[in-house]
$ cat coords_20.csv   # CSV, C-alpha atoms
chain,number,residue,atom,x,y,z
A,610,MET,CA,124.0,84.5,92.1
A,611,LYS,CA,127.2,86.3,93.1
A,612,ASN,CA,128.1,89.5,91.3
A,613,TYR,CA,130.5,88.1,88.6
A,614,VAL,CA,131.5,90.1,85.6
A,615,ILE,CA,133.7,89.4,82.6
A,616,ILE,CA,135.8,92.4,82.5
A,617,SER,CA,137.9,92.8,79.4
A,618,PHE,CA,137.4,96.6,80.0
A,619,ILE,CA,138.9,96.3,83.4
A,620,LEU,CA,141.8,94.1,82.4
A,621,GLY,CA,142.7,96.5,79.6
A,622,SER,CA,143.5,99.1,82.2
A,623,ILE,CA,145.2,96.7,84.7
A,624,TYR,CA,146.9,93.8,83.0
A,625,GLY,CA,146.4,94.2,79.2
A,626,THR,CA,144.7,91.9,76.8
A,627,ASN,CA,146.4,88.6,77.8
A,628,ALA,CA,143.9,88.0,80.6
A,629,GLN,CA,140.7,89.0,79.0
A,630,SER,CA,138.8,85.8,79.8
A,631,LYS,CA,139.2,86.1,83.5
A,632,LYS,CA,136.2,86.7,85.7
A,633,PHE,CA,136.0,89.0,88.7
A,634,LEU,CA,133.8,89.4,91.8
A,635,VAL,CA,132.7,93.1,92.0
A,636,HIS,CA,131.1,95.0,94.9
A,637,THR,CA,130.0,98.6,95.0
A,638,VAL,CA,130.6,100.6,98.1
A,639,ALA,CA,128.6,103.9,98.3
A,640,PHE,CA,128.1,106.9,100.5
A,641,TYR,CA,125.1,109.2,100.5
A,642,ASN,CA,124.1,112.2,102.6
A,643,PHE,CA,120.3,111.8,102.8
A,644,GLU,CA,119.8,115.5,103.8
A,645,ASN,CA,117.2,115.7,106.5
A,646,LEU,CA,115.6,112.3,106.4
A,647,PHE,CA,113.1,113.0,109.2
A,648,ASP,CA,109.9,111.2,110.0
A,649,THR,CA,106.8,113.1,110.9
A,650,ILE,CA,106.8,112.1,114.6
A,651,LYS,CA,107.9,114.5,117.3
A,652,GLY,CA,111.1,113.2,118.9
A,653,ALA,CA,113.4,114.2,121.7
A,654,ASN,CA,115.6,116.0,119.2
A,655,TYR,CA,115.3,119.4,117.5
A,656,ASP,CA,112.9,118.2,114.8
A,657,GLU,CA,110.2,120.9,115.0
A,658,ASP,CA,110.8,122.1,111.5
A,659,TRP,CA,110.1,118.6,110.1
A,660,LEU,CA,106.7,118.0,111.5
A,661,PRO,CA,103.3,118.5,109.7
A,662,ASN,CA,102.8,121.9,111.4
A,663,GLY,CA,106.5,122.9,111.2
A,664,ALA,CA,108.4,125.2,108.9
A,665,GLN,CA,108.8,122.5,106.2
A,666,HIS,CA,105.1,121.3,106.5
A,667,TRP,CA,106.6,117.8,106.5
A,668,THR,CA,103.6,115.5,105.9
A,669,SER,CA,103.4,111.7,105.6
A,670,LYS,CA,103.0,112.2,101.8
A,671,LYS,CA,106.2,114.2,101.6
A,672,TYR,CA,108.0,111.8,103.8
A,673,ASN,CA,107.1,108.8,101.7
A,674,GLN,CA,108.0,110.7,98.5
A,675,LYS,CA,111.4,111.4,100.0
A,676,LEU,CA,111.9,107.7,100.8
A,677,GLU,CA,110.8,106.8,97.2
A,678,ASN,CA,113.3,109.3,95.8
A,679,LEU,CA,116.2,108.0,97.9
A,680,SER,CA,115.4,104.4,97.1
A,681,LYS,CA,115.4,105.2,93.4
A,682,VAL,CA,118.9,106.6,93.7
A,683,LEU,CA,120.3,103.9,96.0
A,684,MET,CA,119.3,101.0,93.8
A,685,GLN,CA,121.2,102.6,90.8
A,686,ILE,CA,124.4,103.8,92.4
A,687,GLY,CA,127.4,102.4,90.5
A,688,THR,CA,125.3,100.3,88.1
A,689,ASN,CA,126.0,100.1,84.4
A,690,GLU,CA,126.0,97.6,81.5
A,691,GLN,CA,128.6,95.5,83.3
A,692,GLN,CA,127.7,96.0,86.9
A,693,LYS,CA,124.0,95.2,87.4
A,694,GLU,CA,123.7,95.1,91.2
A,695,ALA,CA,122.9,97.8,93.7
A,696,PRO,CA,125.6,98.7,96.2
A,697,THR,CA,126.7,96.0,98.6
A,698,PHE,CA,127.4,98.8,101.2
A,699,ILE,CA,125.7,102.1,101.6
A,700,GLY,CA,127.1,104.5,104.2
A,701,CYS,CA,124.7,107.3,105.0
A,702,SER,CA,124.3,110.4,107.0
A,703,GLU,CA,121.5,112.7,108.2
A,704,ALA,CA,119.1,109.9,109.1
A,705,GLU,CA,116.9,110.9,112.1
A,706,ASN,CA,116.7,107.4,113.6
A,707,ARG,CA,116.7,103.7,112.9
A,708,GLY,CA,113.0,103.9,112.0
A,709,VAL,CA,113.5,106.0,108.9
A,710,LEU,CA,116.2,103.6,107.7
A,711,GLU,CA,113.8,100.7,108.2
A,712,ASP,CA,111.1,102.5,106.3
A,713,LEU,CA,113.6,103.2,103.5
A,714,ILE,CA,114.8,99.6,103.0
A,715,LYS,CA,111.2,98.4,102.9
A,716,LYS,CA,110.5,100.5,99.8
A,717,PRO,CA,109.9,98.3,96.7
A,718,ASN,CA,113.1,99.4,95.0
A,719,LEU,CA,115.2,98.1,98.0
A,720,ALA,CA,113.0,95.5,99.7
A,721,ARG,CA,114.1,92.8,97.2
A,722,ILE,CA,117.7,93.4,97.9
A,723,ASP,CA,117.4,92.6,101.7
A,724,TYR,CA,119.6,95.2,103.3
A,725,GLY,CA,120.7,95.0,106.9
A,726,ILE,CA,121.2,98.1,109.1
A,727,VAL,CA,123.9,99.1,111.5
A,728,HIS,CA,122.9,102.3,113.4
A,729,PHE,CA,123.4,104.1,116.7
A,730,ASP,CA,121.7,107.2,118.0
A,731,SER,CA,124.4,109.9,118.1
A,732,PRO,CA,124.5,112.8,120.7
A,733,ASP,CA,123.7,115.3,117.9
A,734,LYS,CA,120.6,117.1,119.4
A,735,ARG,CA,119.2,117.6,116.0
A,736,GLY,CA,119.0,113.9,115.7
A,737,ILE,CA,120.9,113.2,112.5
A,738,ASP,CA,122.9,110.1,112.6
A,739,VAL,CA,125.2,108.0,110.4
A,740,ALA,CA,124.5,104.4,109.5
A,741,LEU,CA,125.6,101.5,107.3
A,742,LEU,CA,123.3,99.5,105.1
A,743,TYR,CA,124.7,96.2,103.8
A,744,GLN,CA,123.5,93.4,101.6
A,745,LYS,CA,123.0,90.4,103.9
A,746,LYS,CA,123.8,87.8,101.3
A,747,TYR,CA,127.3,89.2,100.9
A,748,PHE,CA,128.4,90.8,104.2
A,749,LYS,CA,128.3,89.3,107.7
A,750,PRO,CA,129.0,92.0,110.4
A,751,THR,CA,130.9,90.6,113.4
A,752,THR,CA,131.4,93.8,115.5
A,753,PHE,CA,130.2,97.4,115.4
A,754,ILE,CA,130.6,100.3,117.7
A,755,ASN,CA,129.9,104.1,117.7
A,756,ILE,CA,133.0,106.1,118.7
A,757,PRO,CA,132.3,109.6,120.0
A,758,LEU,CA,134.2,112.7,118.8
A,759,ILE,CA,134.8,114.7,122.0
A,760,ILE,CA,135.5,118.3,121.0
A,761,PHE,CA,135.2,121.6,122.9
A,762,ARG,CA,134.7,125.3,122.0
A,763,ASP,CA,136.2,128.0,124.1
A,764,LYS,CA,133.7,130.3,125.9
A,765,ASN,CA,133.5,133.8,124.6
A,766,LYS,CA,131.5,135.4,127.5
A,767,LYS,CA,131.4,135.5,131.2
A,768,ASP,CA,128.7,133.6,133.0
A,769,THR,CA,127.3,134.0,136.5
A,770,LYS,CA,125.2,130.9,137.0
A,771,ASN,CA,126.5,127.4,137.6
A,772,GLU,CA,124.3,125.5,135.1
A,773,ILE,CA,124.3,123.8,131.8
A,774,GLU,CA,122.4,125.1,128.8
A,775,THR,CA,122.3,124.0,125.2
A,776,GLU,CA,122.8,126.3,122.3
A,777,ARG,CA,122.2,125.7,118.6
A,778,GLU,CA,124.8,127.1,116.2
A,779,ILE,CA,123.8,127.3,112.6
A,780,ASP,CA,126.0,127.3,109.6
A,781,GLU,CA,124.5,130.1,107.5
A,782,ASP,CA,126.0,128.8,104.3
A,783,LYS,CA,124.3,125.4,104.4
A,784,GLY,CA,121.8,125.5,107.2
A,785,GLU,CA,123.6,122.8,109.1
A,786,THR,CA,123.4,122.8,112.9
A,787,ASP,CA,125.9,121.8,115.6
A,788,ASN,CA,124.8,121.7,119.2
A,789,VAL,CA,127.0,123.2,121.9
A,790,GLU,CA,126.6,122.4,125.6
A,791,VAL,CA,127.8,125.4,127.6
A,792,LEU,CA,129.5,124.5,130.8
A,793,LYS,CA,129.0,127.5,133.1
A,794,ASN,CA,131.9,128.9,135.1
A,795,GLN,CA,134.3,126.8,133.0
A,796,ASN,CA,136.2,127.7,129.9
A,797,LYS,CA,134.8,125.1,127.5
A,798,LYS,CA,131.7,124.3,125.5
A,799,ARG,CA,131.2,120.7,124.4
A,800,VAL,CA,130.2,120.5,120.7
A,801,TYR,CA,127.8,117.6,120.3
A,802,THR,CA,128.3,116.2,116.8
A,803,ARG,CA,127.9,112.8,115.1
A,804,ASP,CA,129.8,109.7,116.3
A,805,ILE,CA,132.0,107.8,114.0
A,806,LEU,CA,130.6,104.3,113.2
A,807,LEU,CA,133.0,101.4,112.9
A,808,VAL,CA,131.7,98.2,111.4
A,809,THR,CA,133.8,95.0,111.0
A,810,GLY,CA,132.7,91.9,109.2
A,811,PHE,CA,133.3,89.5,106.4
A,812,LEU,CA,132.7,90.3,102.7
A,813,ASP,CA,132.5,87.0,100.9
A,814,GLY,CA,134.9,85.5,103.5
A,815,GLU,CA,137.3,88.5,103.7
A,816,GLU,CA,137.5,90.8,106.7
A,817,ILE,CA,136.6,94.4,105.9
A,818,ASN,CA,136.5,97.4,108.3
A,819,ILE,CA,134.3,100.3,107.4
A,820,LEU,CA,134.2,103.8,109.1
A,821,VAL,CA,131.2,106.0,108.4
A,822,ASN,CA,131.6,109.7,109.2
A,823,HIS,CA,129.7,113.0,109.2
A,824,TRP,CA,132.2,115.5,110.5
A,825,PRO,CA,131.3,118.8,112.3
A,826,SER,CA,129.8,121.4,110.1
A,827,ARG,CA,131.3,124.8,109.2
A,828,SER,CA,129.1,126.7,111.6
A,829,GLY,CA,130.9,129.8,112.7
A,830,GLY,CA,132.9,129.9,109.5
A,831,GLU,CA,135.3,127.4,107.8
A,832,LYS,CA,138.4,128.8,109.4
A,833,LYS,CA,137.1,128.9,112.9
A,834,SER,CA,135.5,125.5,112.8
A,835,SER,CA,138.4,123.8,111.0
A,836,LYS,CA,139.9,122.5,114.2
A,837,PHE,CA,136.9,120.4,114.9
A,838,ARG,CA,137.2,118.6,111.6
A,839,GLU,CA,140.9,118.3,112.1
A,840,ALA,CA,140.1,116.5,115.3
A,841,ALA,CA,137.7,114.2,113.5
A,842,GLY,CA,140.4,113.4,111.0
A,843,ARG,CA,142.9,112.5,113.7
A,844,LEU,CA,140.3,110.3,115.4
A,845,ASP,CA,139.7,108.4,112.2
A,846,ARG,CA,143.5,108.0,111.9
A,847,LYS,CA,143.7,106.8,115.6
A,848,ILE,CA,140.9,104.2,114.9
A,849,MET,CA,142.7,102.9,111.8
A,850,ASP,CA,146.0,102.6,113.8
A,851,SER,CA,144.2,100.7,116.5
A,852,ILE,CA,142.9,98.2,113.9
A,853,TYR,CA,146.4,97.8,112.4
A,854,LYS,CA,147.8,96.9,115.9
A,855,VAL,CA,145.5,93.9,115.9
A,856,ASN,CA,145.8,93.1,112.2
A,857,PRO,CA,148.6,94.7,110.2
A,858,ASP,CA,147.0,93.5,107.0
A,859,ALA,CA,143.6,94.9,107.7
A,860,LYS,CA,141.5,96.3,104.9
A,861,ILE,CA,139.9,99.6,105.9
A,862,ILE,CA,137.4,101.9,104.1
A,863,CYS,CA,136.8,105.4,105.5
A,864,MET,CA,133.8,107.2,104.1
A,865,GLY,CA,131.6,110.1,104.9
A,866,ASP,CA,130.4,113.7,104.5
A,867,LEU,CA,133.5,115.4,105.8
A,868,ASN,CA,132.4,119.0,105.5
A,869,ASP,CA,135.9,119.6,104.1
A,870,GLY,CA,137.5,119.1,100.7
A,871,THR,CA,140.1,116.5,99.8
A,872,TYR,CA,142.8,119.2,100.1
A,873,ASN,CA,141.9,120.4,103.7
A,874,LYS,CA,144.2,119.8,106.6
A,875,SER,CA,141.7,117.5,108.3
A,876,VAL,CA,142.0,115.0,105.3
A,877,LYS,CA,145.6,115.5,104.3
A,878,GLU,CA,147.2,115.6,107.7
A,879,GLY,CA,144.5,114.3,110.1
A,880,VAL,CA,143.7,111.1,108.1
A,881,GLY,CA,146.9,111.3,106.2
A,882,ALA,CA,145.3,110.7,102.8
A,883,LYS,CA,147.4,110.8,99.7
A,884,LEU,CA,146.6,111.9,96.1
A,885,LYS,CA,148.7,109.2,94.4
A,886,LYS,CA,148.8,105.5,95.0
A,887,SER,CA,152.6,105.7,94.7
A,888,GLU,CA,152.7,108.0,97.7
A,889,VAL,CA,150.9,105.6,100.0
A,890,LYS,CA,153.2,103.7,102.4
A,891,GLN,CA,152.3,100.8,104.7
A,892,PHE,CA,149.3,101.7,106.9
A,893,GLY,CA,148.7,104.7,104.7
A,894,VAL,CA,145.5,105.9,103.0
A,895,TYR,CA,144.6,106.6,99.4
A,896,ASN,CA,141.9,109.2,98.5
A,897,PRO,CA,140.7,108.7,94.9
A,898,PHE,CA,138.5,111.7,95.2
A,899,GLU,CA,141.3,114.2,95.4
A,900,GLN,CA,142.2,113.7,91.7
A,901,MET,CA,138.4,113.9,90.9
A,902,TYR,CA,138.3,117.3,92.5
A,903,LYS,CA,141.4,118.4,90.6
A,904,ASP,CA,139.6,117.3,87.4
A,905,GLY,CA,136.6,119.5,88.2
A,906,TYR,CA,134.1,117.1,89.7
A,907,ALA,CA,131.9,118.0,92.7
A,908,THR,CA,129.3,116.4,95.0
A,909,LEU,CA,127.8,119.7,96.2
A,910,PHE,CA,127.7,123.4,95.3
A,911,TYR,CA,127.6,126.7,97.1
A,912,ARG,CA,127.5,130.1,95.3
A,913,ASP,CA,128.4,128.5,92.0
A,914,ALA,CA,131.5,126.8,93.5
A,915,GLY,CA,131.6,123.0,93.6
A,916,ASP,CA,133.5,120.8,96.0
A,917,ILE,CA,133.8,117.2,97.1
A,918,PHE,CA,132.9,116.9,100.7
A,919,ASP,CA,131.7,113.3,100.2
A,920,GLN,CA,134.7,111.0,100.1
A,921,ILE,CA,135.6,107.3,100.3
A,922,MET,CA,139.2,106.6,101.2
A,923,VAL,CA,140.9,103.2,101.3
A,924,SER,CA,143.8,101.6,103.1
A,925,GLU,CA,147.1,100.7,101.5
A,926,THR,CA,146.1,97.1,101.7
A,927,LEU,CA,143.3,97.7,99.2
A,928,ILE,CA,145.5,99.2,96.4
A,929,LYS,CA,147.9,96.4,95.9
A,930,ASP,CA,148.3,94.9,92.4
A,931,ASP,CA,147.5,91.3,93.4
A,932,LEU,CA,143.8,90.7,92.7
A,933,SER,CA,143.6,87.4,94.5
A,934,SER,CA,142.0,89.4,97.3
A,935,PHE,CA,139.6,92.4,97.3
A,936,ARG,CA,141.2,95.6,95.9
A,937,PHE,CA,140.0,99.1,95.1
A,938,TRP,CA,139.3,99.5,91.4
A,939,LYS,CA,137.9,103.0,90.7
A,940,SER,CA,135.7,105.7,92.1
A,941,GLY,CA,132.7,107.7,90.9
A,942,ILE,CA,130.1,110.3,91.6
A,943,PHE,CA,126.5,109.3,90.9
A,944,ASN,CA,124.7,112.3,89.4
A,945,LYS,CA,122.0,111.2,87.0
A,946,PRO,CA,119.9,113.9,85.2
A,947,PHE,CA,116.8,113.2,87.3
A,948,MET,CA,118.8,114.2,90.4
A,949,ILE,CA,119.8,117.6,89.1
A,950,GLN,CA,118.0,120.9,89.2
A,951,THR,CA,117.3,121.9,85.6
A,952,THR,CA,116.0,125.5,85.9
A,953,GLY,CA,116.4,128.7,87.8
A,954,GLN,CA,119.2,130.1,89.9
A,955,TYR,CA,120.4,126.6,91.0
A,956,LYS,CA,120.4,125.0,87.6
A,957,GLY,CA,123.0,122.2,87.7
A,958,TYR,CA,122.9,121.8,91.5
A,959,PRO,CA,121.6,118.7,93.2
A,960,LEU,CA,117.8,118.7,93.3
A,961,ARG,CA,117.1,119.1,96.9
A,962,HIS,CA,113.9,119.5,98.9
A,963,SER,CA,111.9,122.7,98.8
A,964,LEU,CA,108.5,123.7,100.1
A,965,ASN,CA,107.1,123.1,96.6
A,966,GLU,CA,109.0,120.0,95.7
A,967,VAL,CA,110.3,116.9,97.5
A,968,GLY,CA,113.8,116.4,96.0
A,969,PHE,CA,116.7,114.1,96.7
A,970,SER,CA,119.6,115.7,98.6
A,971,ASP,CA,121.9,118.7,98.4
A,972,HIS,CA,124.7,116.2,97.9
A,973,PHE,CA,125.4,113.7,95.1
A,974,PRO,CA,126.4,110.2,96.4
A,975,VAL,CA,129.8,108.8,95.8
A,976,TYR,CA,131.0,105.2,95.3
A,977,ILE,CA,134.0,102.9,94.7
A,978,TYR,CA,134.3,99.4,93.3
A,979,LEU,CA,136.0,96.5,95.0
A,980,ILE,CA,137.1,93.7,92.7
A,981,LYS,CA,138.7,90.3,93.2
A,982,GLU,CA,139.6,87.6,90.7
A,983,LYS,CA,137.2,84.7,90.6
A,984,LYS,CA,138.9,81.4,91.3
$ encode --input "coords_20.csv" --output "structure tokens"
Amino acid sequence: MKNYVIISFILGSIYGTNAQSKKFLVHTVAFYNFENLFDTIKGANYDEDWLPNGAQHWTSKKYNQKLENLSKVLMQIGTNEQQKEAPTFIGCSEAENRGVLEDLIKKPNLARIDYGIVHFDSPDKRGIDVALLYQKKYFKPTTFINIPLIIFRDKNKKDTKNEIETEREIDEDKGETDNVEVLKNQNKKRVYTRDILLVTGFLDGEEINILVNHWPSRSGGEKKSSKFREAAGRLDRKIMDSIYKVNPDAKIICMGDLNDGTYNKSVKEGVGAKLKKSEVKQFGVYNPFEQMYKDGYATLFYRDAGDIFDQIMVSETLIKDDLSSFRFWKSGIFNKPFMIQTTGQYKGYPLRHSLNEVGFSDHFPVYIYLIKEKK
């Protein structure tokens, strides 16, 4: 059965009561940072902490509990009395490899849904990648590609040897790591970060383009590292412009953990995202999470300050009034009580992993609805 819903509650906010008997096709699009979804097997990446004898004492039992926890969240994102189905799309970040994603979608909560996977290994030495999960019965991918973000950091010391070495730079605020390849006797360091994933395909017969991001961390400080996220925002914009050159009417969804807020230069100028639909011109981008941030919502917290780093933005073609084609309806943050720390210093924060408890993530997932009138 397709995901139909009689939506007098929707029509009341869009058209009024004169169309209350209409039916709509509804799909949920979600994004979730899985926070360190590692297996227990030593890989070529920096995964030493996430092994049975590592700092996290990451055992098979803990790994399987993490998968169960994530699957419990994923199957519920965006569901309510009217919308019964799990998300059609789930963009994700911080997955170590394809294997952990395959293990995840085999969990009983998700196995019945029959998700497909689009994943590439990124150059991030820590081995955390982005991916897209999709319901096979609704979406048929036609093309997918990983697009590298090539960024460099200036050297701050003189070197005497002509060689390449790898450094790990850690964001002390969040524990996130970027990897820097030092090119000796040159003036640049390549920062190895996550690729941008672009997936194109057909959702119930309509072409949809989805970009999945995990932008560079704030290692070295927000101000110093801002230029890397600004570069990521410009690359997203360049990808969207390339899509529009082929199809000026393309529908584009840009999602991810941006490590920046809705108000930062990377989002406002790099991507060109707008706060209000009325501000969005042709080929422009609307960011529904900017108003949510202004209203006091958050997807993560640090030192009692909340922010929305996890965002889903949509192209101008998805905010038109005509509902004969898929359009954006509304956005949300999924933060059920079972996902929230209830005691101690971090009460109210996302319930994340600790040595004594296998949690969910340090981020709450976000979602949007796409709707189309049923003919």
$ residues_near_point --input "coords_20.csv" --point "(127.7, 115.3, 98.9)" --cutoff "6 Å" --atoms "all atoms listed in the file" --output "number ranges by chain"
A: 908-909, 918-919, 972-974
$ closest_residue --input "coords_20.csv" --among "A:Ser702, A:Ser835, A:Thr752, A:Asn868" --to "Phe811 (chain A)" --atoms "only C-alpha atoms"
A:Thr752
$ residues_around --input "coords_20.csv" --residues "region 888-891 of chain A" --least-positions-apart "2" --cutoff "10 Å" --atoms "all atoms listed in the file" --output "PyMOL selection string"
chain A and resi 857-858+881-886+893-896+924-926+928
$ closest_residue --input "coords_20.csv" --among "A:Tyr955, A:Phe647, A:Phe633, A:Phe753" --to "Leu710 (chain A)" --atoms "all atoms listed in the file"
A:Phe647
$ atom_distance --input "coords_20.csv" --atom1 "CA of Asn654 (chain A)" --atom2 "CA of Met864 (chain A)"
25.2 Å
$ residues_around --input "coords_20.csv" --residues "region 665-672 of chain A" --least-positions-apart "5" --cutoff "7 Å" --atoms "only C-alpha atoms" --output "list in words"
Asp648, Thr649, Asp658, Trp659, Leu660, Leu964 and Val967 of chain A
$ residues_around --input "coords_20.csv" --residues "Met849 (chain A)" --least-positions-apart "2" --cutoff "10 Å" --atoms "all atoms listed in the file" --output "VMD selection string"
chain A and resid 807 818 to 820 843 to 847 851 to 854 859 to 863 880 892 to 894 924
$ write_last_selection --input "coords_20.csv" --atoms "C-alpha atoms" --output "PDB file, in the coordinates of the input"
ATOM      1  CA  LEU A 807     133.000 101.400 112.900  1.00  0.00           C
ATOM      2  CA  ASN A 818     136.500  97.400 108.300  1.00  0.00           C
ATOM      3  CA  ILE A 819     134.300 100.300 107.400  1.00  0.00           C
ATOM      4  CA  LEU A 820     134.200 103.800 109.100  1.00  0.00           C
ATOM      5  CA  ARG A 843     142.900 112.500 113.700  1.00  0.00           C
ATOM      6  CA  LEU A 844     140.300 110.300 115.400  1.00  0.00           C
ATOM      7  CA  ASP A 845     139.700 108.400 112.200  1.00  0.00           C
ATOM      8  CA  ARG A 846     143.500 108.000 111.900  1.00  0.00           C
ATOM      9  CA  LYS A 847     143.700 106.800 115.600  1.00  0.00           C
ATOM     10  CA  SER A 851     144.200 100.700 116.500  1.00  0.00           C
ATOM     11  CA  ILE A 852     142.900  98.200 113.900  1.00  0.00           C
ATOM     12  CA  TYR A 853     146.400  97.800 112.400  1.00  0.00           C
ATOM     13  CA  LYS A 854     147.800  96.900 115.900  1.00  0.00           C
ATOM     14  CA  ALA A 859     143.600  94.900 107.700  1.00  0.00           C
ATOM     15  CA  LYS A 860     141.500  96.300 104.900  1.00  0.00           C
ATOM     16  CA  ILE A 861     139.900  99.600 105.900  1.00  0.00           C
ATOM     17  CA  ILE A 862     137.400 101.900 104.100  1.00  0.00           C
ATOM     18  CA  CYS A 863     136.800 105.400 105.500  1.00  0.00           C
ATOM     19  CA  VAL A 880     143.700 111.100 108.100  1.00  0.00           C
ATOM     20  CA  PHE A 892     149.300 101.700 106.900  1.00  0.00           C
ATOM     21  CA  GLY A 893     148.700 104.700 104.700  1.00  0.00           C
ATOM     22  CA  VAL A 894     145.500 105.900 103.000  1.00  0.00           C
ATOM     23  CA  SER A 924     143.800 101.600 103.100  1.00  0.00           C
TER      24      SER A 924
END
$ atom_distance --input "coords_20.csv" --atom1 "CA of Phe947 (chain A)" --atom2 "CA of Thr637 (chain A)"
21.1 Å
$ atom_distance --input "coords_20.csv" --atom1 "CA of Asp723 (chain A)" --atom2 "CA of Lys984 (chain A)"
26.4 Å
$ closest_residue --input "coords_20.csv" --among "A:Ile759, A:Ile714, A:Ile848, A:Ile980" --to "Asp930 (chain A)" --atoms "all atoms listed in the file"
A:Ile980
$ residues_around --input "coords_20.csv" --residues "Phe643 (chain A)" --least-positions-apart "2" --cutoff "6 Å" --atoms "all atoms listed in the file" --output "list in words"
Tyr641, Leu646, Ser702, Glu703 and Ser970 of chain A
$ write_last_selection --input "coords_20.csv" --atoms "C-alpha atoms" --output "compact mmCIF listing (two decimals), in the frame of the given file"
# COMPACT_ATOMS: atom_id res chain seq x y z
CA TYR A 641 125.10 109.20 100.50
CA LEU A 646 115.60 112.30 106.40
CA SER A 702 124.30 110.40 107.00
CA GLU A 703 121.50 112.70 108.20
CA SER A 970 119.60 115.70 98.60
$ closest_residue --input "coords_20.csv" --among "A:Arg803, A:Lys903, A:Arg838, A:Lys981" --to "Ile737 (chain A)" --atoms "all atoms listed in the file"
A:Arg803
$ closest_residue --input "coords_20.csv" --among "A:Gly725, A:Pro757, A:Gly814, A:Gly953" --to "Phe698 (chain A)" --atoms "only C-alpha atoms"
A:Gly725
